[in-house]
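This is protein38.txt (compact mmCIF, C-alpha atoms).
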# COMPACT_ATOMS: atom_id res chain seq x y z
CA MET A 1 44.48 41.52 -18.07
CA GLY A 2 41.99 41.73 -15.25
CA SER A 3 39.08 42.05 -17.63
CA GLU A 4 40.38 39.16 -19.76
CA PHE A 5 40.67 36.98 -16.67
CA LYS A 6 37.18 37.97 -15.62
CA ASN A 7 35.87 37.19 -19.06
CA GLY A 8 37.64 33.87 -19.10
CA GLY A 9 36.20 33.07 -15.69
CA TYR A 10 32.73 33.98 -16.87
CA GLU A 11 33.08 31.79 -19.93
CA MET A 12 34.28 28.89 -17.85
CA THR A 13 31.36 29.23 -15.46
CA GLU A 14 28.93 29.42 -18.37
CA THR A 15 30.46 26.32 -19.96
CA GLY A 16 30.30 24.60 -16.57
CA THR A 17 26.62 25.45 -16.20
CA GLU A 18 25.90 24.26 -19.73
CA LEU A 19 27.74 21.01 -19.02
CA ALA A 20 25.79 20.55 -15.78
CA VAL A 21 22.48 21.17 -17.59
CA ALA A 22 23.45 18.77 -20.38
CA LYS A 23 24.46 16.13 -17.83
CA ARG A 24 21.21 16.61 -15.91
CA ARG A 25 19.24 16.21 -19.18
CA GLU A 26 21.18 13.05 -20.02
CA MET A 27 20.48 11.59 -16.57
CA ARG A 28 16.81 12.57 -16.87
CA GLY A 29 16.77 10.80 -20.25
CA TRP A 30 18.21 7.66 -18.66
CA ASP A 31 15.65 7.88 -15.87
CA LEU A 32 12.79 7.96 -18.39
CA VAL A 33 14.24 5.12 -20.51
CA LEU A 34 14.68 2.96 -17.39
CA ARG A 35 11.10 3.66 -16.29
CA VAL A 36 9.78 2.61 -19.70
CA ALA A 37 11.82 -0.60 -19.33
CA ALA A 38 10.37 -1.10 -15.82
CA VAL A 39 6.81 -0.77 -17.19
CA ALA A 40 7.55 -3.24 -20.00
CA PHE A 41 9.32 -5.90 -17.94
CA SER A 42 6.96 -5.87 -14.93
CA LEU A 43 3.92 -5.94 -17.26
CA ALA A 44 5.43 -8.84 -19.23
CA ALA A 45 6.21 -10.72 -15.98
CA ALA A 46 2.66 -10.24 -14.65
CA VAL A 47 1.07 -11.32 -17.96
CA VAL A 48 3.36 -14.31 -18.57
CA LEU A 49 2.58 -15.70 -15.09
CA GLY A 50 -1.01 -14.45 -15.07
CA VAL A 51 -1.96 -16.53 -18.12
CA ASN A 52 0.04 -19.56 -17.01
CA LYS A 53 -2.07 -22.70 -17.23
CA GLN A 54 -1.38 -26.25 -18.38
CA THR A 55 -3.61 -29.29 -18.70
CA THR A 56 -1.98 -32.64 -19.15
CA THR A 57 -2.73 -36.30 -18.44
CA VAL A 58 -1.11 -38.56 -15.89
CA ALA A 59 -1.31 -42.36 -15.87
CA LEU A 60 -3.02 -43.43 -12.64
CA THR A 61 -3.24 -47.03 -11.43
CA LEU A 62 -6.64 -47.34 -9.74
CA VAL A 63 -6.74 -51.14 -9.45
CA GLN A 64 -3.53 -53.22 -9.43
CA THR A 65 -4.91 -55.85 -11.83
CA LEU A 66 -6.07 -53.28 -14.43
CA PRO A 67 -3.90 -51.12 -16.71
CA PRO A 68 -3.36 -47.47 -15.59
CA VAL A 69 -5.98 -44.89 -16.54
CA ASP A 70 -5.08 -41.51 -18.11
CA VAL A 71 -6.45 -38.78 -15.82
CA PRO A 72 -6.46 -35.09 -16.93
CA VAL A 73 -4.74 -32.74 -14.46
CA THR A 74 -4.51 -28.95 -14.62
CA ALA A 75 -2.01 -26.48 -13.18
CA LYS A 76 -3.16 -22.86 -12.89
CA TRP A 77 -1.14 -19.86 -11.71
CA HIS A 78 -3.64 -18.95 -8.96
CA TYR A 79 -3.34 -22.37 -7.27
CA LEU A 80 -0.22 -21.03 -5.48
CA SER A 81 -0.34 -18.02 -3.12
CA ALA A 82 3.23 -17.14 -4.15
CA SER A 83 2.19 -16.77 -7.82
CA VAL A 84 -0.81 -14.63 -6.87
CA TYR A 85 1.48 -12.37 -4.82
CA PHE A 86 3.95 -12.25 -7.73
CA VAL A 87 1.28 -11.18 -10.23
CA VAL A 88 -0.11 -8.54 -7.81
CA ALA A 89 3.40 -7.22 -7.03
CA ASN A 90 4.40 -6.96 -10.70
CA SER A 91 1.08 -5.35 -11.68
CA THR A 92 1.53 -2.79 -8.88
CA ALA A 93 5.13 -2.12 -9.99
CA CYS A 94 3.99 -1.69 -13.61
CA ALA A 95 1.16 0.72 -12.69
CA TYR A 96 3.47 2.71 -10.40
CA ALA A 97 6.24 2.89 -13.05
CA ALA A 98 3.70 4.26 -15.55
CA ILE A 99 2.41 6.84 -13.02
CA SER A 100 5.97 7.92 -12.10
CA LEU A 101 6.77 8.27 -15.82
CA LEU A 102 3.78 10.59 -16.20
CA LEU A 103 4.69 12.57 -13.07
CA LEU A 104 8.27 13.01 -14.26
CA SER A 105 7.08 14.17 -17.69
CA VAL A 106 4.80 16.75 -16.05
CA ASN A 107 7.45 17.72 -13.45
CA ARG A 108 9.83 19.24 -16.02
CA GLY A 109 10.86 21.97 -13.63
CA GLY A 110 12.28 19.28 -11.33
CA LYS A 111 10.27 20.04 -8.18
CA LYS A 112 12.16 18.71 -5.16
CA ARG A 113 9.14 17.23 -3.39
CA VAL A 114 7.92 15.25 -6.42
CA ALA A 115 11.42 13.89 -7.10
CA MET A 116 11.78 12.84 -3.46
CA MET A 117 8.40 11.10 -3.36
CA ILE A 118 9.32 9.16 -6.50
CA VAL A 119 12.59 7.90 -4.98
CA ILE A 120 10.75 6.83 -1.81
CA PHE A 121 8.11 4.94 -3.80
CA ASP A 122 10.84 3.37 -5.98
CA LEU A 123 12.32 2.02 -2.74
CA MET A 124 8.97 0.52 -1.66
CA ILE A 125 8.62 -1.16 -5.07
CA ILE A 126 12.11 -2.68 -4.66
CA ALA A 127 10.99 -4.28 -1.37
CA LEU A 128 7.75 -5.50 -2.98
CA LEU A 129 9.37 -6.94 -6.11
CA PHE A 130 12.27 -8.65 -4.33
CA SER A 131 9.95 -10.28 -1.78
CA SER A 132 7.72 -11.60 -4.59
CA LEU A 133 10.79 -12.84 -6.47
CA GLY A 134 11.96 -14.70 -3.35
CA ALA A 135 8.50 -16.21 -2.90
CA VAL A 136 8.12 -17.64 -6.42
CA LEU A 137 11.75 -18.75 -6.58
CA ALA A 138 11.42 -20.68 -3.29
CA VAL A 139 8.17 -22.39 -4.32
CA GLY A 140 9.44 -22.91 -7.87
CA LEU A 141 12.54 -24.66 -6.56
CA ILE A 142 10.40 -27.12 -4.59
CA GLY A 143 8.24 -27.62 -7.71
CA LEU A 144 11.40 -28.42 -9.67
CA LYS A 145 13.32 -30.54 -7.18
CA GLY A 146 10.70 -31.56 -4.60
CA ASN A 147 11.53 -32.05 -0.92
CA SER A 148 11.95 -35.62 0.25
CA HIS A 149 12.02 -34.67 3.97
CA ILE A 150 8.42 -33.46 3.99
CA GLN A 151 7.14 -35.53 1.04
CA TRP A 152 6.49 -32.59 -1.23
CA HIS A 153 6.94 -34.15 -4.68
CA GLU A 154 8.34 -32.28 -7.66
CA VAL A 155 5.74 -31.34 -10.27
CA CYS A 156 7.83 -29.91 -13.10
CA SER A 157 8.31 -33.27 -14.83
CA VAL A 158 4.52 -33.38 -15.31
CA PHE A 159 3.89 -29.64 -15.83
CA GLY A 160 6.98 -28.79 -17.91
CA LYS A 161 5.40 -25.96 -19.93
CA PHE A 162 3.90 -24.44 -16.77
CA CYS A 163 7.29 -24.43 -15.02
CA ASN A 164 9.12 -23.00 -18.05
CA GLN A 165 6.61 -20.18 -18.34
CA GLY A 166 7.04 -19.51 -14.60
CA ALA A 167 10.83 -19.35 -15.04
CA THR A 168 10.40 -16.84 -17.90
CA ALA A 169 8.19 -14.67 -15.66
CA ILE A 170 10.80 -14.83 -12.89
CA GLY A 171 13.51 -13.70 -15.35
CA LEU A 172 11.38 -10.79 -16.59
CA SER A 173 10.54 -9.68 -13.05
CA GLY A 174 14.23 -10.02 -12.12
CA VAL A 175 15.10 -7.48 -14.83
CA ALA A 176 12.30 -5.13 -13.62
CA SER A 177 13.61 -5.38 -10.03
CA LEU A 178 17.16 -4.58 -11.16
CA VAL A 179 15.86 -1.59 -13.15
CA PHE A 180 14.21 -0.18 -9.99
CA LEU A 181 17.43 -0.82 -8.05
CA VAL A 182 19.42 1.10 -10.68
CA LEU A 183 16.84 3.95 -10.59
CA VAL A 184 17.31 4.40 -6.83
CA LEU A 185 21.11 4.06 -7.17
CA ILE A 186 21.13 6.80 -9.85
CA ALA A 187 18.96 9.04 -7.62
CA ILE A 188 21.32 8.56 -4.67
CA LEU A 189 24.42 9.24 -6.78
CA LYS A 190 22.76 12.32 -8.28
CA LEU A 191 21.86 13.66 -4.84
CA HIS A 192 25.38 13.05 -3.53
CA LYS A 193 26.90 14.93 -6.47
CA LYS A 194 24.63 17.91 -5.81
CA ARG A 195 25.72 18.24 -2.16
CA MET B 1 21.42 50.85 12.21
CA GLY B 2 23.32 49.18 9.42
CA SER B 3 25.78 47.62 11.86
CA GLU B 4 22.99 46.42 14.11
CA PHE B 5 21.25 44.81 11.15
CA LYS B 6 24.51 43.18 10.10
CA ASN B 7 25.07 41.96 13.62
CA GLY B 8 21.55 40.59 13.82
CA GLY B 9 22.05 38.84 10.51
CA TYR B 10 25.34 37.34 11.72
CA GLU B 11 23.74 36.10 14.92
CA MET B 12 20.88 34.53 13.00
CA THR B 13 23.30 32.73 10.67
CA GLU B 14 25.34 31.44 13.61
CA THR B 15 22.20 30.17 15.35
CA GLY B 16 21.11 28.59 12.07
CA THR B 17 24.48 26.82 11.71
CA GLU B 18 24.33 25.63 15.32
CA LEU B 19 20.82 24.30 14.74
CA ALA B 20 21.92 22.54 11.56
CA VAL B 21 24.88 20.95 13.37
CA ALA B 22 22.63 19.88 16.27
CA LYS B 23 20.10 18.40 13.81
CA ARG B 24 22.87 16.56 11.93
CA ARG B 25 24.17 15.15 15.22
CA GLU B 26 20.66 14.02 16.18
CA MET B 27 20.20 12.31 12.79
CA ARG B 28 23.63 10.68 13.14
CA GLY B 29 22.55 9.43 16.57
CA TRP B 30 19.40 7.92 15.09
CA ASP B 31 21.45 6.30 12.32
CA LEU B 32 23.72 4.60 14.88
CA VAL B 33 20.79 3.47 17.08
CA LEU B 34 19.01 1.99 14.03
CA ARG B 35 22.16 0.16 12.96
CA VAL B 36 22.53 -1.38 16.43
CA ALA B 37 18.88 -2.50 16.13
CA ALA B 38 19.62 -3.95 12.67
CA VAL B 39 22.55 -5.96 14.08
CA ALA B 40 20.41 -7.25 16.96
CA PHE B 41 17.31 -8.20 14.95
CA SER B 42 19.08 -9.82 12.00
CA LEU B 43 21.36 -11.76 14.36
CA ALA B 44 18.36 -12.91 16.40
CA ALA B 45 16.49 -13.94 13.22
CA ALA B 46 19.48 -15.95 11.91
CA VAL B 47 20.04 -17.66 15.28
CA VAL B 48 16.34 -18.43 15.96
CA LEU B 49 15.98 -20.12 12.55
CA GLY B 50 19.52 -21.51 12.52
CA VAL B 51 18.94 -23.60 15.65
CA ASN B 52 15.40 -24.63 14.63
CA LYS B 53 14.97 -28.38 14.99
CA GLN B 54 12.13 -30.57 16.24
CA THR B 55 11.85 -34.31 16.69
CA THR B 56 8.41 -35.78 17.24
CA THR B 57 6.59 -39.07 16.64
CA VAL B 58 3.86 -39.81 14.13
CA ALA B 59 1.51 -42.80 14.23
CA LEU B 60 2.09 -44.83 11.05
CA THR B 61 -0.10 -47.74 9.93
CA LEU B 62 2.27 -50.24 8.31
CA VAL B 63 -0.14 -53.21 8.09
CA GLN B 64 -3.91 -52.68 8.09
CA THR B 65 -4.57 -55.50 10.58
CA LEU B 66 -2.00 -54.23 13.11
CA PRO B 67 -2.24 -51.12 15.32
CA PRO B 68 -0.27 -48.02 14.11
CA VAL B 69 3.40 -47.75 15.03
CA ASP B 70 4.95 -44.55 16.48
CA VAL B 71 7.76 -43.46 14.15
CA PRO B 72 10.17 -40.65 15.13
CA VAL B 73 10.38 -37.82 12.58
CA THR B 74 12.69 -34.79 12.63
CA ALA B 75 12.40 -31.33 11.06
CA LYS B 76 15.64 -29.35 10.65
CA TRP B 77 16.06 -25.82 9.34
CA HIS B 78 18.50 -26.86 6.60
CA TYR B 79 16.02 -29.29 5.02
CA LEU B 80 14.51 -26.32 3.15
CA SER B 81 16.53 -24.20 0.69
CA ALA B 82 14.42 -21.16 1.64
CA SER B 83 15.49 -21.44 5.31
CA VAL B 84 19.15 -21.80 4.33
CA TYR B 85 18.86 -18.68 2.17
CA PHE B 86 17.10 -16.86 5.04
CA VAL B 87 19.87 -17.70 7.54
CA VAL B 88 22.60 -16.71 5.05
CA ALA B 89 20.78 -13.44 4.19
CA ASN B 90 20.25 -12.46 7.83
CA SER B 91 23.84 -13.36 8.80
CA THR B 92 25.13 -11.24 5.90
CA ALA B 93 22.86 -8.34 6.94
CA CYS B 94 24.05 -8.64 10.55
CA ALA B 95 27.74 -8.69 9.60
CA TYR B 96 27.25 -5.75 7.21
CA ALA B 97 25.29 -3.72 9.80
CA ALA B 98 28.15 -4.24 12.30
CA ILE B 99 30.78 -3.20 9.71
CA SER B 100 28.76 -0.11 8.70
CA LEU B 101 28.45 0.82 12.38
CA LEU B 102 32.23 0.64 12.73
CA LEU B 103 32.78 2.62 9.52
CA LEU B 104 30.36 5.34 10.65
CA SER B 105 32.07 5.56 14.05
CA VAL B 106 35.47 5.98 12.36
CA ASN B 107 34.05 8.36 9.68
CA ARG B 108 33.27 11.13 12.18
CA GLY B 109 34.25 13.78 9.63
CA GLY B 110 31.39 12.58 7.45
CA LYS B 111 33.37 11.75 4.28
CA LYS B 112 31.02 11.85 1.27
CA ARG B 113 32.35 8.69 -0.38
CA VAL B 114 32.01 6.52 2.75
CA ALA B 115 28.48 7.78 3.42
CA MET B 116 27.48 7.09 -0.20
CA MET B 117 28.93 3.56 -0.18
CA ILE B 118 26.99 2.81 3.01
CA VAL B 119 23.65 3.94 1.49
CA ILE B 120 24.32 1.80 -1.62
CA PHE B 121 25.12 -1.27 0.48
CA ASP B 122 22.04 -0.60 2.66
CA LEU B 123 20.01 -0.79 -0.53
CA MET B 124 21.56 -4.13 -1.51
CA ILE B 125 20.77 -5.51 1.94
CA ILE B 126 17.12 -4.41 1.54
CA ALA B 127 16.89 -6.47 -1.68
CA LEU B 128 18.58 -9.44 0.01
CA LEU B 129 16.44 -9.37 3.18
CA PHE B 130 13.10 -8.84 1.42
CA SER B 131 13.77 -11.68 -1.05
CA SER B 132 14.64 -14.03 1.84
CA LEU B 133 11.51 -12.91 3.72
CA GLY B 134 9.38 -13.65 0.65
CA ALA B 135 11.01 -17.07 0.28
CA VAL B 136 10.41 -18.29 3.86
CA LEU B 137 6.93 -16.76 4.01
CA ALA B 138 5.87 -18.55 0.81
CA VAL B 139 7.24 -21.92 1.92
CA GLY B 140 5.99 -21.36 5.50
CA LEU B 141 2.47 -20.72 4.20
CA ILE B 142 2.47 -24.04 2.34
CA GLY B 143 3.82 -25.72 5.49
CA LEU B 144 0.93 -24.19 7.43
CA LYS B 145 -1.95 -24.64 4.98
CA GLY B 146 -0.66 -27.21 2.50
CA ASN B 147 -1.65 -27.16 -1.17
CA SER B 148 -4.32 -29.66 -2.24
CA HIS B 149 -3.79 -29.01 -5.99
CA ILE B 150 -0.27 -30.44 -6.00
CA GLN B 151 -0.60 -32.74 -2.98
CA TRP B 152 1.83 -30.85 -0.77
CA HIS B 153 0.51 -31.62 2.71
CA GLU B 154 0.70 -29.17 5.61
CA VAL B 155 3.33 -30.07 8.20
CA CYS B 156 2.72 -27.52 10.97
CA SER B 157 0.16 -29.68 12.79
CA VAL B 158 2.98 -32.22 13.33
CA PHE B 159 5.89 -29.78 13.74
CA GLY B 160 4.13 -27.06 15.76
CA LYS B 161 7.20 -25.87 17.68
CA PHE B 162 9.30 -25.81 14.50
CA CYS B 163 6.70 -23.65 12.70
CA ASN B 164 6.29 -21.26 15.65
CA GLN B 165 10.05 -20.77 15.88
CA GLY B 166 10.10 -20.10 12.12
CA ALA B 167 7.34 -17.50 12.51
CA THR B 168 9.35 -15.77 15.27
CA ALA B 169 12.42 -15.65 13.01
CA ILE B 170 10.30 -14.17 10.19
CA GLY B 171 9.01 -11.47 12.59
CA LEU B 172 12.53 -10.60 13.75
CA SER B 173 13.85 -10.44 10.20
CA GLY B 174 10.83 -8.32 9.23
CA VAL B 175 11.86 -5.73 11.84
CA ALA B 176 15.50 -5.82 10.59
CA SER B 177 14.29 -5.29 6.99
CA LEU B 178 12.13 -2.33 8.05
CA VAL B 179 15.10 -0.84 9.93
CA PHE B 180 17.23 -0.96 6.75
CA LEU B 181 14.34 0.58 4.80
CA VAL B 182 14.12 3.43 7.35
CA LEU B 183 17.92 3.91 7.18
CA VAL B 184 17.82 4.42 3.39
CA LEU B 185 14.73 6.66 3.70
CA ILE B 186 16.53 8.84 6.27
CA ALA B 187 19.61 9.03 4.01
CA ILE B 188 17.47 10.11 1.02
CA LEU B 189 15.58 12.72 3.08
CA LYS B 190 18.89 14.02 4.49
CA LEU B 191 20.38 14.33 1.00
CA HIS B 192 17.29 16.10 -0.32
CA LYS B 193 17.40 18.64 2.51
CA LYS B 194 21.05 19.40 1.77
CA ARG B 195 20.36 20.21 -1.90

Could you write out this structure as structure tokens?
Amino acid sequence: MGSEFKNGGYEMTETGTELAVAKRREMRGWDLVLRVAAVAFSLAAAVVLGVNKQTTTVALTLVQTLPPVDVPVTAKWHYLSASVYFVVANSTACAYAAISLLLLSVNRGGKKRVAMMIVIFDLMIIALLFSSLGAVLAVGLIGLKGNSHIQWHEVCSVFGKFCNQGATAIGLSGVASLVFLVLVLIAILKLHKKR
Amino acid sequence: MGSEFKNGGYEMTETGTELAVAKRREMRGWDLVLRVAAVAFSLAAAVVLGVNKQTTTVALTLVQTLPPVDVPVTAKWHYLSASVYFVVANSTACAYAAISLLLLSVNRGGKKRVAMMIVIFDLMIIALLFSSLGAVLAVGLIGLKGNSHIQWHEVCSVFGKFCNQGATAIGLSGVASLVFLVLVLIAILKLHKKR
């Protein structure tokens, strides 16, 4: 009886270990998939805003007695500091996500120090991406609606394509930011379970 | 000899446990101090921007042949969506920091679930605060420098006090954001050490 019980206990422990290993592998798989998504979305956001440019014409009345003249006007992404910051932030996030992917692939043994450094850097990238999201959203909103109090006129009715492309970049970066948030959440949950 | 060794080993373990408990208490102390700082700085940031208002006069030339007329103009914090978001974000962070402080004081036993929920909410607050920081910094920069490409004129030469008060609020919120970042970093380091 005693031996049977012992055996049963041993089997249960082995099954438990196997389950834990399988679960760890599954979580590791999710971590890698999410990092690939982070690379893709932050790269797409940086490129979509980084190539954003639109030239259009506006009718300008130079002399009251003459008909308005069509003047070419151009909007470029680097005209706004917020867009420059956004492109730099998303490029940094993309490069970091790729590096962390490589590090995790090399770190198959699951070295504690490497894993910890990655979580800490993930956290820094969250701060970077969310601040850049806030920056372009705030400026984009003024571009869309204008602000009558300080005479900042809306520009999206003239530069429609430029604004739409900016909105797409914001959406893509939003997904990348959420992916990094989920990565840190998973790391915290994993660490709590191991306590 | 064997007993002595055993005794020595027991003593070492007890000292180790005492050290661990002392270290945990010290870390807990830091956590509480940082949360009090988070309450203070986010509250100060929300109040400093939330009461921001300046009325001044600008010389306006209505008719070319007549001398310019002094017209009163007012800048209020809620004229800009970014400022409204900033005040809401910092108020939320302040209220949350106060609640987490209460929860940690009640949770003296150190329940795993409560501690985990607090780290997760800390993370959400980081995203919220950094996005609001990005928003006011981007709009504040245009207010300070203007943007010649889209004819958004700088306003800080007229509303100097308003802009300075905004900069103070940004600084205060910056400290609050860093405090939350440090809180999550400490939690991650603590969890890694316990593994």

(message) From the options B:Ile170, B:Ala176, B:Val182, B:Leu32, which residue's atoms come nearest to B:Ile99, counting all atoms listed in the file?
(response)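 Selected residue with least distance to B:Ile99: B:Leu32.
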
To test the calculation: enclose all listed atoms of stretch 122-136 of chain A in a box whose edges run along x, y and z, add 3 Å on each side, then state centre and edge lengths in Å to one decimal, as AutoDock Vina command-line options.
--center_x 10.0 --center_y -7.1 --center_z -3.9 --size_x 10.6 --size_y 27.0 --size_z 11.1

(request) Report the distance between atom CA of A:Met116 and atom CA of B:Leu185 in Å, rounded to one decimal place. (result)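 We find that atom CA of A:Met116 and atom CA of B:Leu185 lie 9.9 Å from each other.
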
How close does each residue of chain B get to chain A, giving the shortest atom pair and distance in Å to one decimal for every residue with an atom at most 7 Å away, counting all atoms listed in the file, sorted by chain and residue number, as CSV?
residue,atom,partner,partner_atom,distance
B:Tyr79,CA,A:His149,CA,6.8
B:Ala82,CA,A:Ala138,CA,5.8
B:Ile120,CA,A:Leu185,CA,6.8
B:Ile126,CA,A:Ala127,CA,6.8
B:Ala127,CA,A:Phe130,CA,5.8
B:Phe130,CA,A:Ser131,CA,4.7
B:Ser131,CA,A:Ser131,CA,4.1
B:Ser132,CA,A:Gly134,CA,5.9
B:Leu133,CA,A:Ser131,CA,6.3
B:Gly134,CA,A:Ser131,CA,4.2
B:Ala135,CA,A:Ala135,CA,4.1
B:Ala138,CA,A:Ala135,CA,5.1
B:Val139,CA,A:Val139,CA,6.3
B:His149,CA,A:Tyr79,CA,6.8
B:Trp152,CA,A:Trp152,CA,5.0
B:Leu185,CA,A:Ile120,CA,6.8
B:Leu191,CA,A:Leu191,CA,6.1
B:His192,CA,A:Leu191,CA,6.9
B:Lys194,CA,A:Arg195,CA,6.2
B:Arg195,CA,A:Arg195,CA,5.7

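Relative to atom CA of B:Ala169, atom CA of B:Ser91 is found at 12.4 Å.
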
(request) Please provide the set of residues having any atom within 12 Å of A:Ser105, restricted to all atoms listed in the file, with same-chain residues fewer than 2 positions apart removed, written as a list of chain:residue names. (result) A:Arg28, A:Gly29, A:Asp31, A:Leu32, A:Val33, A:Arg35, A:Ala98, A:Ile99, A:Ser100, A:Leu101, A:Leu102, A:Leu103, A:Asn107, A:Arg108, A:Gly109, A:Gly110, A:Lys111, A:Val114, A:Ala115

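Once stretch 51-65 of chain B and its same-chain neighbours fewer than 4 positions away are set aside, Ala46, Val47, Val69, Asp70, Val71, Pro72, Val73, Thr74, Ala75, Lys76, Trp77, His78, Ser83, Val158, Phe159, Gly160, Lys161, Phe162, Cys163, Asn164, Gln165, Gly166 and Ala169 of chain B remain within 10 Å of it when counting all atoms listed in the file.
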
(request) Identify which of the residues B:Cys156, B:Thr168, B:Asp122, B:Val106 lies closest to B:Ala38, counting only C-alpha atoms when measuring atom-to-atom distances. (result)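 The closest residue to B:Ala38 is B:Asp122.
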
(request) Work out how far apart atom CA of A:Gly174 and atom CA of A:Leu34 are and give it in Å to one decimal. (result)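 One can read the atom CA of A:Gly174 to atom CA of A:Leu34 distance as 14.0 Å.
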
(message) Let me make sure I understand: among B:Ile118, B:Val175, B:Ala45, B:Leu66, which one has the smallest atom-to-atom distance to B:Ala89 if we use only C-alpha atoms?
(response)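 Closest candidate: B:Ala45.
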
(request) Would you mind telling me which residue in B:Leu144, B:Val87, B:Leu183, B:Ala95 lies nearest to B:Ala40 when using only C-alpha atoms? (result)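 The answer is B:Ala95, which sits nearest to B:Ala40.
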